[in-house]
$ cat entry.txt   # compact mmCIF, C-alpha atoms
# COMPACT_ATOMS: atom_id res chain seq x y z
CA MET A 1 5.95 60.96 6.37
CA GLY A 2 9.62 60.46 5.80
CA GLN A 3 10.32 59.25 9.32
CA LEU A 4 13.04 56.67 9.78
CA PRO A 5 11.76 53.30 10.91
CA SER A 6 12.03 52.82 14.62
CA ARG A 7 14.73 50.59 16.07
CA SER A 8 12.22 48.00 17.14
CA LEU A 9 10.91 47.77 13.59
CA ILE A 10 14.44 47.30 12.29
CA ARG A 11 15.09 44.62 14.91
CA ILE A 12 11.90 42.80 14.02
CA SER A 13 12.78 42.97 10.33
CA LEU A 14 16.27 41.63 10.98
CA ALA A 15 14.93 38.85 13.20
CA MET A 16 12.41 37.88 10.53
CA ALA A 17 15.07 37.92 7.82
CA LEU A 18 17.41 35.80 9.95
CA GLY A 19 14.61 33.44 10.88
CA LEU A 20 13.49 33.03 7.30
CA GLY A 21 17.09 32.54 6.19
CA ALA A 22 17.67 29.89 8.83
CA GLY A 23 14.35 28.29 7.94
CA CYS A 24 15.51 27.86 4.33
CA SER A 25 18.86 26.24 5.06
CA HIS A 26 19.82 22.70 4.14
CA TRP A 27 22.98 20.63 4.14
CA ILE A 28 24.25 17.16 3.37
CA GLU A 29 26.52 14.99 5.48
CA PHE A 30 28.41 11.93 4.35
CA ALA A 31 29.54 9.14 6.56
CA THR A 32 32.97 7.85 5.62
CA PRO A 33 32.61 4.78 3.41
CA ILE A 34 32.96 1.66 5.52
CA GLU A 35 35.50 0.12 3.19
CA THR A 36 37.79 3.01 2.47
CA THR A 37 40.78 2.52 0.30
CA PRO A 38 43.53 4.98 -0.51
CA THR A 39 43.17 6.66 -3.86
CA THR A 40 45.15 4.75 -6.42
CA ASN A 41 46.62 6.02 -9.65
CA THR A 42 48.78 3.99 -11.92
CA THR A 43 50.01 3.86 -15.47
CA VAL A 44 49.22 1.06 -17.90
CA ALA A 45 50.20 0.35 -21.47
CA THR A 46 47.49 1.61 -23.77
CA ASP A 47 47.58 -1.42 -26.03
CA ASP A 48 47.22 -3.84 -23.13
CA ARG A 49 43.79 -2.58 -22.26
CA VAL A 50 40.76 -4.66 -23.21
CA PRO A 51 37.10 -3.74 -23.76
CA LEU A 52 34.62 -3.85 -20.90
CA LEU A 53 31.06 -5.13 -21.17
CA LEU A 54 28.62 -3.97 -18.48
CA GLU A 55 26.33 -6.96 -18.64
CA THR A 56 23.90 -6.53 -15.75
CA ILE A 57 22.98 -3.95 -13.16
CA ARG A 58 20.66 -5.20 -10.44
CA VAL A 59 19.12 -2.56 -8.19
CA THR A 60 17.08 -2.99 -5.04
CA HIS A 61 15.32 -0.22 -3.17
CA ASN A 62 14.67 -1.03 0.49
CA GLY A 63 14.86 -4.70 -0.42
CA SER A 64 12.57 -4.55 -3.44
CA SER A 65 13.99 -5.04 -6.90
CA ILE A 66 13.50 -2.13 -9.25
CA ALA A 67 14.43 -1.48 -12.85
CA PRO A 68 17.77 0.32 -12.93
CA PRO A 69 17.20 3.95 -13.89
CA ALA A 70 18.86 4.96 -17.16
CA LEU A 71 20.59 7.80 -15.34
CA LEU A 72 22.21 5.34 -12.95
CA GLU A 73 23.40 3.14 -15.81
CA ARG A 74 24.99 6.15 -17.46
CA GLN A 75 26.56 7.22 -14.16
CA VAL A 76 28.09 3.77 -13.64
CA LEU A 77 29.36 3.45 -17.18
CA GLY A 78 30.67 7.02 -17.11
CA ALA A 79 32.58 6.40 -13.87
CA ILE A 80 34.14 3.23 -15.26
CA GLU A 81 35.01 5.01 -18.49
CA ALA A 82 36.62 7.84 -16.56
CA THR A 83 39.13 5.44 -15.00
CA ARG A 84 40.55 4.79 -18.51
CA LEU A 85 41.41 1.26 -17.46
CA PHE A 86 39.53 -0.27 -20.39
CA SER A 87 39.91 0.40 -24.07
CA GLN A 88 36.21 0.42 -24.94
CA HIS A 89 32.97 0.38 -22.97
CA PHE A 90 29.89 -1.57 -23.95
CA GLN A 91 26.57 -2.08 -22.31
CA SER A 92 24.48 -5.18 -22.68
CA GLY A 93 21.55 -4.54 -24.99
CA HIS A 94 23.49 -2.04 -27.02
CA SER A 95 26.54 -2.59 -29.20
CA GLN A 96 28.73 -5.56 -28.23
CA PRO A 97 32.44 -6.27 -28.52
CA SER A 98 33.31 -8.93 -31.09
CA ALA A 99 33.04 -12.50 -29.81
CA ASP A 100 36.70 -13.38 -30.38
CA GLN A 101 37.93 -10.29 -28.55
CA ALA A 102 39.30 -10.53 -25.01
CA ARG A 103 37.04 -8.55 -22.67
CA VAL A 104 36.04 -8.04 -19.08
CA THR A 105 32.41 -8.68 -18.22
CA VAL A 106 30.87 -6.75 -15.33
CA HIS A 107 27.90 -7.55 -13.11
CA LEU A 108 26.93 -4.83 -10.66
CA SER A 109 24.53 -5.15 -7.76
CA ILE A 110 23.29 -2.02 -5.99
CA ASP A 111 21.24 -2.18 -2.81
CA ASN A 112 19.80 1.17 -1.79
CA VAL A 113 18.33 1.82 1.62
CA VAL A 114 16.21 4.91 2.09
CA GLU A 115 15.21 6.13 5.54
CA PRO A 116 13.11 9.25 5.09
CA HIS A 117 12.20 9.47 8.81
CA ALA A 118 8.62 9.96 7.67
CA GLY A 119 7.02 9.62 11.09
CA GLN A 120 9.47 12.04 12.63
CA ALA A 121 8.94 14.47 9.75
CA ALA A 122 5.17 14.28 10.14
CA LEU A 123 5.39 14.95 13.88
CA ARG A 124 7.86 17.78 13.48
CA GLY A 125 5.80 19.21 10.64
CA PHE A 126 2.75 19.22 12.86
CA ILE A 127 4.68 20.99 15.62
CA ILE A 128 6.00 23.56 13.14
CA GLY A 129 2.51 24.19 11.83
CA ALA A 130 1.05 24.42 15.32
CA SER A 131 3.65 27.04 16.18
CA MET A 132 2.46 29.13 13.21
CA PHE A 133 5.82 28.31 11.56
CA THR A 134 7.81 30.25 14.17
CA LEU A 135 9.72 27.06 15.02
CA ALA A 136 10.59 26.36 11.38
CA PRO A 137 14.15 27.76 11.70
CA PHE A 138 14.83 25.67 14.81
CA ILE A 139 13.48 22.26 13.85
CA SER A 140 15.30 20.38 11.13
CA LEU A 141 14.05 17.44 9.09
CA ASN A 142 16.25 14.52 8.10
CA TYR A 143 16.56 12.12 5.21
CA ASP A 144 19.07 9.27 5.19
CA TYR A 145 20.30 7.33 2.21
CA ALA A 146 22.69 4.40 2.03
CA THR A 147 23.93 2.35 -0.85
CA GLU A 148 25.83 -0.91 -0.97
CA MET A 149 27.46 -2.03 -4.19
CA SER A 150 28.84 -5.41 -5.16
CA LEU A 151 30.83 -5.62 -8.35
CA GLU A 152 31.72 -8.87 -10.04
CA MET A 153 34.27 -8.64 -12.83
CA GLU A 154 34.93 -11.65 -15.01
CA ARG A 155 38.02 -11.77 -17.15
CA TRP A 156 38.07 -13.25 -20.64
CA ASP A 157 39.64 -16.45 -19.28
CA GLY A 158 36.90 -17.00 -16.72
CA GLN A 159 38.70 -15.65 -13.65
CA ILE A 160 36.41 -13.62 -11.42
CA LYS A 161 37.09 -10.94 -8.85
CA GLN A 162 34.54 -9.39 -6.56
CA TYR A 163 34.51 -5.98 -4.93
CA HIS A 164 32.30 -4.46 -2.30
CA ALA A 165 31.68 -0.90 -1.09
CA THR A 166 29.15 0.99 0.98
CA SER A 167 28.36 4.62 1.48
CA THR A 168 25.84 6.54 3.55
CA GLY A 169 24.72 10.13 3.72
CA SER A 170 22.12 12.31 5.38
CA ALA A 171 20.32 15.40 4.20
CA HIS A 172 19.21 17.84 6.84
CA TYR A 173 16.91 20.68 5.95
CA HIS A 174 14.54 23.15 7.45
CA LEU A 175 10.96 23.30 6.29
CA PHE A 176 11.29 26.19 3.87
CA GLY A 177 14.52 24.75 2.51
CA ALA A 178 12.95 21.47 1.47
CA ASN A 179 12.98 20.73 -2.23
CA PRO A 180 13.24 17.58 -4.31
CA GLU A 181 16.73 18.52 -5.52
CA ILE A 182 18.19 18.03 -2.03
CA ILE A 183 17.13 14.41 -2.01
CA GLU A 184 18.28 13.85 -5.58
CA GLN A 185 21.67 15.39 -4.80
CA LEU A 186 21.99 13.26 -1.68
CA LYS A 187 21.28 10.10 -3.66
CA GLY A 188 23.56 11.11 -6.50
CA GLN A 189 26.46 11.96 -4.26
CA VAL A 190 26.15 8.88 -2.07
CA THR A 191 26.09 6.77 -5.23
CA GLU A 192 29.13 8.56 -6.59
CA VAL A 193 31.09 8.14 -3.36
CA CYS A 194 30.29 4.43 -3.27
CA LEU A 195 31.12 3.97 -6.94
CA SER A 196 34.44 5.72 -6.49
CA SER A 197 35.31 3.50 -3.56
CA LEU A 198 34.45 0.45 -5.63
CA LEU A 199 36.43 1.52 -8.68
CA ASN A 200 39.39 2.46 -6.56
CA GLN A 201 39.59 -1.18 -5.54
CA VAL A 202 39.42 -2.19 -9.19
CA ILE A 203 42.27 0.16 -10.07
CA GLN A 204 44.41 -1.54 -7.43
CA ASP A 205 43.95 -4.74 -9.43
CA SER A 206 44.49 -3.00 -12.74
CA THR A 207 47.16 -5.43 -13.95
CA PHE A 208 44.64 -8.25 -13.58
CA TYR A 209 42.53 -6.72 -16.34
CA LEU A 210 45.30 -6.10 -18.84
CA ALA A 211 45.99 -8.39 -21.77
CA ASN A 212 49.55 -9.63 -21.74
CA LYS A 213 50.73 -8.58 -25.13
CA GLU A 214 54.28 -8.62 -26.13
CA GLN A 215 55.56 -5.24 -27.04
CA PRO A 216 57.30 -4.94 -30.39
CA PRO A 217 61.02 -4.83 -29.79
CA GLY A 218 62.30 -1.30 -29.83
CA GLY A 219 58.84 0.06 -30.52
CA PRO A 220 57.40 2.92 -28.53
CA ILE A 221 55.17 1.97 -25.58
CA ARG A 222 52.25 4.27 -25.20
CA THR A 223 50.83 4.50 -21.68
CA VAL A 224 47.77 5.95 -20.05
CA SER A 225 47.23 7.05 -16.49
CA VAL A 226 44.33 5.21 -14.86
CA GLY A 227 42.56 6.04 -11.66
CA VAL A 228 39.30 7.11 -10.12
CA ARG A 229 38.42 10.68 -11.01
CA ARG A 230 37.34 12.07 -7.67
CA SER A 231 35.68 15.34 -6.91
CA PRO A 232 37.37 17.34 -4.13
CA SER A 233 34.37 17.04 -1.82
CA ARG A 234 34.73 13.27 -1.65
CA ALA A 235 38.26 13.37 -0.35
CA VAL A 236 37.04 14.65 2.99
CA PRO A 237 33.47 13.60 3.61
CA VAL A 238 32.24 16.30 5.93
CA SER A 239 29.15 18.39 6.42
CA GLN A 240 28.90 20.82 3.59
CA PRO A 241 26.24 23.30 2.46
CA ILE A 242 24.47 21.97 -0.57
CA THR A 243 24.68 25.31 -2.30
CA GLU A 244 28.40 24.88 -2.84
CA PRO A 245 29.26 23.17 -6.11
CA PHE A 246 30.38 19.57 -5.78
CA ARG A 247 31.60 19.13 -9.30
CA GLN A 248 35.12 19.57 -10.37
CA MET B 1 -26.33 34.21 -5.04
CA PRO B 2 -26.22 34.91 -8.80
CA PHE B 3 -22.85 36.58 -8.26
CA LEU B 4 -21.59 33.57 -6.30
CA ASN B 5 -22.78 31.21 -8.98
CA ARG B 6 -20.97 33.20 -11.63
CA VAL B 7 -17.75 33.22 -9.58
CA LEU B 8 -17.85 29.49 -8.89
CA THR B 9 -18.67 28.64 -12.49
CA ALA B 10 -15.91 30.90 -13.79
CA LEU B 11 -13.36 29.35 -11.44
CA ALA B 12 -14.34 25.81 -12.34
CA LEU B 13 -14.33 26.46 -16.08
CA GLY B 14 -11.16 28.53 -15.87
CA SER B 15 -9.26 25.77 -14.12
CA LEU B 16 -10.45 23.26 -16.71
CA MET B 17 -9.56 25.47 -19.68
CA THR B 18 -6.15 26.57 -18.46
CA THR B 19 -4.98 23.09 -17.60
CA PRO B 20 -3.62 21.07 -20.50
CA PHE B 21 -5.02 17.59 -20.71
CA LEU B 22 -2.92 14.54 -21.41
CA TYR B 23 -5.00 11.87 -22.98
CA ALA B 24 -2.36 9.53 -24.29
CA ALA B 25 0.18 9.35 -21.49
CA GLU B 26 -0.45 7.62 -18.18
CA ILE B 27 -0.72 10.23 -15.46
CA SER B 28 1.03 9.20 -12.28
CA PRO B 29 2.27 12.30 -10.50
CA THR B 30 5.54 11.93 -8.67
CA ILE B 31 5.26 13.94 -5.50
CA THR B 32 8.43 13.80 -3.44
CA VAL B 33 9.80 15.44 -0.33
CA GLY B 34 9.95 19.16 -1.00
CA THR B 35 7.25 19.23 -3.68
CA GLN B 36 5.20 22.35 -3.17
CA GLU B 37 1.53 22.85 -3.85
CA VAL B 38 -0.40 26.06 -4.33
CA GLY B 39 -4.12 25.95 -4.63
CA LEU B 40 -7.41 27.71 -4.38
CA ALA B 41 -10.57 26.26 -2.97
CA VAL B 42 -14.02 27.77 -2.94
CA GLY B 43 -17.03 26.56 -1.03
CA TYR B 44 -20.21 27.56 0.65
CA ILE B 45 -20.81 27.67 4.39
CA LEU B 46 -23.91 25.76 5.55
CA PRO B 47 -24.76 26.17 9.26
CA HIS B 48 -25.16 23.47 11.88
CA ARG B 49 -27.07 24.47 15.00
CA LEU B 50 -25.99 21.67 17.29
CA THR B 51 -27.74 22.83 20.47
CA GLU B 52 -30.72 24.97 21.41
CA ASP B 53 -28.31 27.80 22.20
CA HIS B 54 -27.24 27.94 18.60
CA THR B 55 -29.62 30.25 16.77
CA THR B 56 -27.55 31.89 14.04
CA LYS B 57 -27.85 30.52 10.55
CA GLN B 58 -24.63 31.82 9.07
CA GLU B 59 -24.20 31.24 5.36
CA GLY B 60 -21.95 32.48 2.64
CA PRO B 61 -19.15 31.69 0.23
CA ALA B 62 -15.65 30.88 1.41
CA PHE B 63 -12.41 31.37 -0.52
CA MET B 64 -9.24 29.58 0.56
CA PRO B 65 -5.94 30.11 -1.22
CA SER B 66 -3.30 27.78 0.18
CA TRP B 67 0.33 26.74 0.04
CA MET B 68 1.70 23.38 1.13
CA ILE B 69 4.94 21.45 1.05
CA THR B 70 5.33 17.67 1.12
CA ILE B 71 7.52 16.55 3.99
CA THR B 72 7.47 12.77 3.74
CA ASP B 73 7.93 10.07 1.16
CA PRO B 74 4.95 7.72 0.95
CA LEU B 75 4.29 5.96 4.25
CA GLY B 76 2.96 2.42 4.45
CA SER B 77 2.53 -0.20 1.79
CA SER B 78 -1.17 -0.92 1.71
CA TRP B 79 -4.28 1.04 0.75
CA TYR B 80 -3.43 3.67 3.35
CA ARG B 81 -0.06 4.39 1.73
CA GLY B 82 0.28 8.15 1.69
CA GLN B 83 2.25 11.31 2.20
CA VAL B 84 2.13 14.11 4.72
CA SER B 85 2.29 17.73 3.70
CA ILE B 86 2.02 20.84 5.78
CA GLY B 87 1.38 24.43 4.87
CA ALA B 88 -0.89 27.36 5.44
CA GLU B 89 -4.15 28.64 4.17
CA MET B 90 -5.88 31.99 4.09
CA VAL B 91 -9.58 31.81 4.73
CA TYR B 92 -12.01 34.48 3.63
CA ILE B 93 -15.69 34.04 4.33
CA GLN B 94 -18.35 36.43 3.21
CA PHE B 95 -21.23 35.84 5.59
CA GLN B 96 -24.36 36.69 3.63
CA GLU B 97 -26.67 35.50 6.39
CA PRO B 98 -27.83 36.58 8.92
CA ILE B 99 -26.22 39.90 8.00
CA LEU B 100 -23.66 40.77 5.36
CA THR B 101 -20.34 40.56 7.22
CA HIS B 102 -16.87 39.24 6.58
CA GLY B 103 -14.32 36.97 8.16
CA VAL B 104 -10.66 36.39 7.43
CA GLY B 105 -8.24 33.94 8.97
CA PHE B 106 -4.83 32.33 8.66
CA THR B 107 -4.57 28.64 9.36
CA PRO B 108 -1.59 26.31 9.36
CA LYS B 109 -2.71 23.10 7.75
CA ILE B 110 -1.67 19.45 7.65
CA LYS B 111 -2.80 17.02 4.99
CA TYR B 112 -2.45 13.30 4.46
CA SER B 113 -2.79 12.26 0.83
CA PHE B 114 -3.41 8.65 -0.09
CA VAL B 115 -1.17 7.77 -3.02
CA ALA B 116 -2.20 4.19 -3.75
CA GLY B 117 -4.15 5.44 -6.79
CA ASP B 118 -2.40 7.10 -9.68
CA ARG B 119 -4.48 10.07 -10.67
CA ILE B 120 -7.25 9.83 -8.10
CA ARG B 121 -5.91 10.54 -4.65
CA PRO B 122 -8.13 10.93 -1.61
CA TYR B 123 -6.91 13.09 1.24
CA ALA B 124 -7.73 14.09 4.80
CA GLU B 125 -6.83 17.48 6.18
CA PHE B 126 -6.88 19.50 9.36
CA ALA B 127 -6.36 23.23 9.77
CA GLY B 128 -6.66 25.71 12.60
CA GLY B 129 -5.69 29.27 13.35
CA PRO B 130 -6.78 32.79 14.22
CA PHE B 131 -9.88 34.21 12.59
CA TRP B 132 -11.28 37.71 12.62
CA SER B 133 -14.87 38.50 11.78
CA ASP B 134 -17.25 41.36 12.25
CA LEU B 135 -20.10 38.85 12.40
CA THR B 136 -19.12 37.30 15.68
CA GLY B 137 -19.61 40.47 17.69
CA LYS B 138 -23.19 40.76 16.48
CA ILE B 139 -24.62 37.32 17.24
CA PRO B 140 -25.55 35.62 20.53
CA GLU B 141 -23.11 32.75 20.13
CA GLU B 142 -19.94 34.82 20.16
CA SER B 143 -18.97 38.02 21.91
CA GLY B 144 -15.83 39.23 20.18
CA GLN B 145 -14.43 39.75 16.73
CA PHE B 146 -11.22 37.78 17.38
CA ASN B 147 -11.76 34.05 17.21
CA PHE B 148 -10.16 30.83 16.11
CA ILE B 149 -11.27 28.68 13.22
CA LEU B 150 -10.77 24.92 13.15
CA SER B 151 -11.62 22.74 10.22
CA ALA B 152 -11.26 19.07 9.50
CA GLY B 153 -12.26 17.35 6.33
CA PHE B 154 -11.58 15.03 3.48
CA GLY B 155 -11.66 15.12 -0.27
CA VAL B 156 -10.38 13.72 -3.52
CA SER B 157 -7.78 15.11 -5.88
CA TYR B 158 -8.11 14.23 -9.52
CA PHE B 159 -4.84 14.83 -11.36
CA LEU B 160 -5.36 16.31 -14.79
CA THR B 161 -1.63 16.34 -15.41
CA ASP B 162 1.40 15.39 -13.33
CA GLN B 163 1.33 18.87 -11.84
CA ALA B 164 -2.30 19.96 -11.72
CA ALA B 165 -5.26 18.54 -9.89
CA LEU B 166 -8.90 19.31 -9.36
CA ASN B 167 -10.13 18.85 -5.80
CA VAL B 168 -13.55 18.14 -4.39
CA GLY B 169 -14.03 17.92 -0.67
CA TYR B 170 -15.93 18.50 2.51
CA ARG B 171 -14.95 20.18 5.74
CA PHE B 172 -16.54 20.57 9.11
CA GLN B 173 -15.78 24.01 10.44
CA HIS B 174 -15.88 25.39 13.95
CA ILE B 175 -15.41 29.02 14.97
CA SER B 176 -15.03 30.07 18.60
CA ASN B 177 -12.75 32.18 20.77
CA ALA B 178 -11.15 29.52 22.98
CA GLY B 179 -12.70 31.00 26.08
CA THR B 180 -11.08 34.40 25.77
CA SER B 181 -14.50 36.05 26.20
CA TYR B 182 -18.08 35.02 26.93
CA PRO B 183 -20.42 33.91 25.56
CA ASN B 184 -18.44 31.41 23.58
CA ILE B 185 -20.90 28.92 22.23
CA GLY B 186 -19.27 28.73 18.84
CA LEU B 187 -20.40 28.48 15.27
CA ASN B 188 -20.40 25.20 13.40
CA ALA B 189 -20.83 24.65 9.73
CA SER B 190 -20.37 22.30 6.83
CA LEU B 191 -18.24 23.49 3.96
CA PRO B 192 -18.50 21.60 0.68
CA LEU B 193 -15.78 22.86 -1.61
CA VAL B 194 -14.13 22.56 -4.99
CA GLY B 195 -10.71 23.77 -6.01
CA PHE B 196 -7.56 23.16 -7.92
CA SER B 197 -3.93 22.65 -7.00
CA PHE B 198 -0.71 23.15 -8.87
CA TYR B 199 2.38 21.14 -7.85
CA PHE B 200 5.97 22.18 -8.49

$ encode --input "entry.txt" --output "structure tokens"
Amino acid sequence: MGQLPSRSLIRISLAMALGLGAGCSHWIEFATPIETTPTTNTTVATDDRVPLLLETIRVTHNGSSIAPPALLERQVLGAIEATRLFSQHFQSGHSQPSADQARVTVHLSIDNVVEPHAGQAALRGFIIGASMFTLAPFISLNYDYATEMSLEMERWDGQIKQYHATSTGSAHYHLFGANPEIIEQLKGQVTEVCLSSLLNQVIQDSTFYLANKEQPPGGPIRTVSVGVRRSPSRAVPVSQPITEPFRQ
Amino acid sequence: MPFLNRVLTALALGSLMTTPFLYAAEISPTITVGTQEVGLAVGYILPHRLTEDHTTKQEGPAFMPSWMITITDPLGSSWYRGQVSIGAEMVYIQFQEPILTHGVGFTPKIKYSFVAGDRIRPYAEFAGGPFWSDLTGKIPEESGQFNFILSAGFGVSYFLTDQAALNVGYRFQHISNAGTSYPNIGLNASLPLVGFSFYF
């Protein structure tokens, strides 16, 4: 009848709101890539660049070979394209550069390791359920993901260079914060971090992949800045709420 | 009973009619960590009098809306490969025998779903929690209205689409008060059930 709620009711409501809020939280942590390299940017002559052919992508998932997802292929090709080190980008099975054209052929190997801590999650889930979900805000669940990439780049004259990078990350979430997007974001970001580390090494060898053309005497030399396009979050791999945007 | 039959038939037909079928595409639902499931199961309580002290023949329909969330990726690599999900379930039982009474409960629930099959996925489940009923104060087996309900069972989910499944199962159900008052002989029953689940 118009009475204000008692203090205890307000306290209970606040506690429930806080508990529910904490029970919905989730965050992702990145371990620093094992093979870190300083970010490299350089300038190359536009006309010296050659086409790149992404010939094979081999993917394993916990040791088992799987067909590379189309999304991953696009992510890899997009990351290479974003460096602007190559004049054109082709993928095996699609359009090809002409046979007499100098090009760089790429073979990429990706080994993913997933550790979902399933047993731990099942046990913790049981405990959370047995507590009538009151422990949900206090017990977190974990999901680890690691990727290891090996890149083999073959120049038009047969010279080969190999690069290697690894990256790991962990998603931590409370029961009511669990959703498939957390895991997808973890995988996507770990892949991106590893890919950036790999391409950064390639950029350091950028002159290796340029055709040595003689510039016309007195003619203008057009240049392009090449480098790995990094998102700000990858510069400092720290714990960060997943709700914050990672994209530039 | 005619009313119950109408309700069960309507639910079964309704779930079939409202769920789009996919005939051409292969149905292999991808259930990952964080996938949620809401469902409704209906069944009928059939009593088990396990000792001479059990005299009550409780019967009646049971309605169980539920929510669950998958917390693991598939475990194992053989026929037992499966996923764990936890959640909660409301239980409403209308006891039509021995006297028309009601019972309502809230039970946290854990389920293990076998995922080796694509659209046919067996599961085992366990649930337990508080249960209130006005039957249990009126029968010799139980002395109070506040009790606990435990159920354990198994069933099969048949996925109509990647997100919707029909379920058929069986549960053994036990109701008692955990010794909070006497007598506490307990009620036991079988609960065959059907239901549907929606995954998102």

$ residues_around --input "entry.txt" --residues "His48 (chain B)" --least-positions-apart "5" --cutoff "8 Å" --atoms "only C-alpha atoms" --output "PDB file with C-alpha atoms, keeping the file's coordinate frame"
ATOM      1  CA  LYS B  57     -27.850  30.520  10.550  1.00  0.00           C
ATOM      2  CA  LEU B 187     -20.400  28.480  15.270  1.00  0.00           C
ATOM      3  CA  ASN B 188     -20.400  25.200  13.400  1.00  0.00           C
ATOM      4  CA  ALA B 189     -20.830  24.650   9.730  1.00  0.00           C
ATOM      5  CA  SER B 190     -20.370  22.300   6.830  1.00  0.00           C
TER       6      SER B 190
END

$ closest_atom_pairs --input "entry.txt" --of "chain A" --to "chain B" --cutoff "10 Å" --atoms "all atoms listed in the file" --output "JSON lines"
{"residue": "A:Val114", "atom": "CA", "partner": "B:Asp73", "partner_atom": "CA", "distance": 9.8}
{"residue": "A:Glu115", "atom": "CA", "partner": "B:Asp73", "partner_atom": "CA", "distance": 9.4}
{"residue": "A:Pro116", "atom": "CA", "partner": "B:Asp73", "partner_atom": "CA", "distance": 6.6}
{"residue": "A:His117", "atom": "CA", "partner": "B:Thr72", "partner_atom": "CA", "distance": 7.7}
{"residue": "A:Ala118", "atom": "CA", "partner": "B:Thr72", "partner_atom": "CA", "distance": 5.0}
{"residue": "A:Gly119", "atom": "CA", "partner": "B:Thr72", "partner_atom": "CA", "distance": 8.0}
{"residue": "A:Gln120", "atom": "CA", "partner": "B:Thr72", "partner_atom": "CA", "distance": 9.1}
{"residue": "A:Ala121", "atom": "CA", "partner": "B:Ile71", "partner_atom": "CA", "distance": 6.3}
{"residue": "A:Ala122", "atom": "CA", "partner": "B:Val84", "partner_atom": "CA", "distance": 6.2}
{"residue": "A:Leu123", "atom": "CA", "partner": "B:Val84", "partner_atom": "CA", "distance": 9.8}
{"residue": "A:Arg124", "atom": "CA", "partner": "B:Ile71", "partner_atom": "CA", "distance": 9.6}
{"residue": "A:Gly125", "atom": "CA", "partner": "B:Ile86", "partner_atom": "CA", "distance": 6.4}
{"residue": "A:Phe126", "atom": "CA", "partner": "B:Ile110", "partner_atom": "CA", "distance": 6.8}
{"residue": "A:Ile128", "atom": "CA", "partner": "B:Ile86", "partner_atom": "CA", "distance": 8.8}
{"residue": "A:Gly129", "atom": "CA", "partner": "B:Pro108", "partner_atom": "CA", "distance": 5.2}
{"residue": "A:Ala130", "atom": "CA", "partner": "B:Pro108", "partner_atom": "CA", "distance": 6.8}
{"residue": "A:Ser131", "atom": "CA", "partner": "B:Pro108", "partner_atom": "CA", "distance": 8.6}
{"residue": "A:Met132", "atom": "CA", "partner": "B:Pro108", "partner_atom": "CA", "distance": 6.3}
{"residue": "A:Phe133", "atom": "CA", "partner": "B:Pro108", "partner_atom": "CA", "distance": 8.0}
{"residue": "A:Leu141", "atom": "CA", "partner": "B:Ile71", "partner_atom": "CA", "distance": 8.3}
{"residue": "A:Asn142", "atom": "CA", "partner": "B:Ile71", "partner_atom": "CA", "distance": 9.9}
{"residue": "A:Tyr143", "atom": "CA", "partner": "B:Thr72", "partner_atom": "CA", "distance": 9.2}
{"residue": "A:Tyr173", "atom": "CA", "partner": "B:Gly34", "partner_atom": "CA", "distance": 10.0}
{"residue": "A:Leu175", "atom": "CA", "partner": "B:Ile71", "partner_atom": "CA", "distance": 7.9}
{"residue": "A:Phe176", "atom": "CA", "partner": "B:Ile69", "partner_atom": "CA", "distance": 8.4}
{"residue": "A:Gly177", "atom": "CA", "partner": "B:Gly34", "partner_atom": "CA", "distance": 8.0}
{"residue": "A:Ala178", "atom": "CA", "partner": "B:Gly34", "partner_atom": "CA", "distance": 4.5}
{"residue": "A:Asn179", "atom": "CA", "partner": "B:Gly34", "partner_atom": "CA", "distance": 3.6}
{"residue": "A:Pro180", "atom": "CA", "partner": "B:Gly34", "partner_atom": "CA", "distance": 4.9}
{"residue": "A:Glu181", "atom": "CA", "partner": "B:Gly34", "partner_atom": "CA", "distance": 8.2}
{"residue": "A:Ile182", "atom": "CA", "partner": "B:Gly34", "partner_atom": "CA", "distance": 8.4}
{"residue": "A:Ile183", "atom": "CA", "partner": "B:Val33", "partner_atom": "CA", "distance": 7.6}

$ axis_aligned_box --input "entry.txt" --around "region 91-97 of chain A" --padding-each-side "5 Å" --output "JSON"
{"center_x": 27.0, "center_y": -4.2, "center_z": -25.8, "size_x": 20.9, "size_y": 14.2, "size_z": 16.9}

$ residues_around --input "entry.txt" --residues "Tyr209 (chain A)" --least-positions-apart "5" --cutoff "8 Å" --atoms "all atoms listed in the file" --output "list in words"
Arg49, Val50, Val104 and Arg155 of chain A

$ residues_near_point --input "entry.txt" --point "(36.6, 5.1, -11.0)" --cutoff "7 Å" --atoms "all atoms listed in the file" --output "list in words"
Ala79, Ile80, Ala82, Thr83, Leu195, Ser196, Leu199, Asn200, Gly227, Val228 and Arg229 of chain A

$ atom_distance --input "entry.txt" --atom1 "CA of Ile93 (chain B)" --atom2 "CA of Pro122 (chain B)"
25.0 Å

$ atom_distance --input "entry.txt" --atom1 "CA of Asn184 (chain B)" --atom2 "CA of Asp134 (chain B)"
15.1 Å

$ closest_residue --input "entry.txt" --among "A:Thr42, A:Ser98, A:Thr105, A:Thr56" --to "Glu154 (chain A)" --atoms "all atoms listed in the file"
A:Thr105

$ atom_distance --input "entry.txt" --atom1 "CA of Gln163 (chain B)" --atom2 "CA of Gly39 (chain B)"
11.5 Å

$ residues_around --input "entry.txt" --residues "Arg171 (chain B)" --least-positions-apart "6" --cutoff "6 Å" --atoms "only C-alpha atoms" --output "PyMOL selection string"
chain B and resi 152-153+190-191

$ residues_near_point --input "entry.txt" --point "(23.8, -1.9, -5.4)" --cutoff "6 Å" --atoms "only C-alpha atoms" --output "ChimeraX atom specification"
/A:59,109-111,148-149

$ closest_residue --input "entry.txt" --among "B:Gly103, B:Met68, B:Ile139, B:Arg49" --to "Glu37 (chain B)" --atoms "only C-alpha atoms"
B:Met68
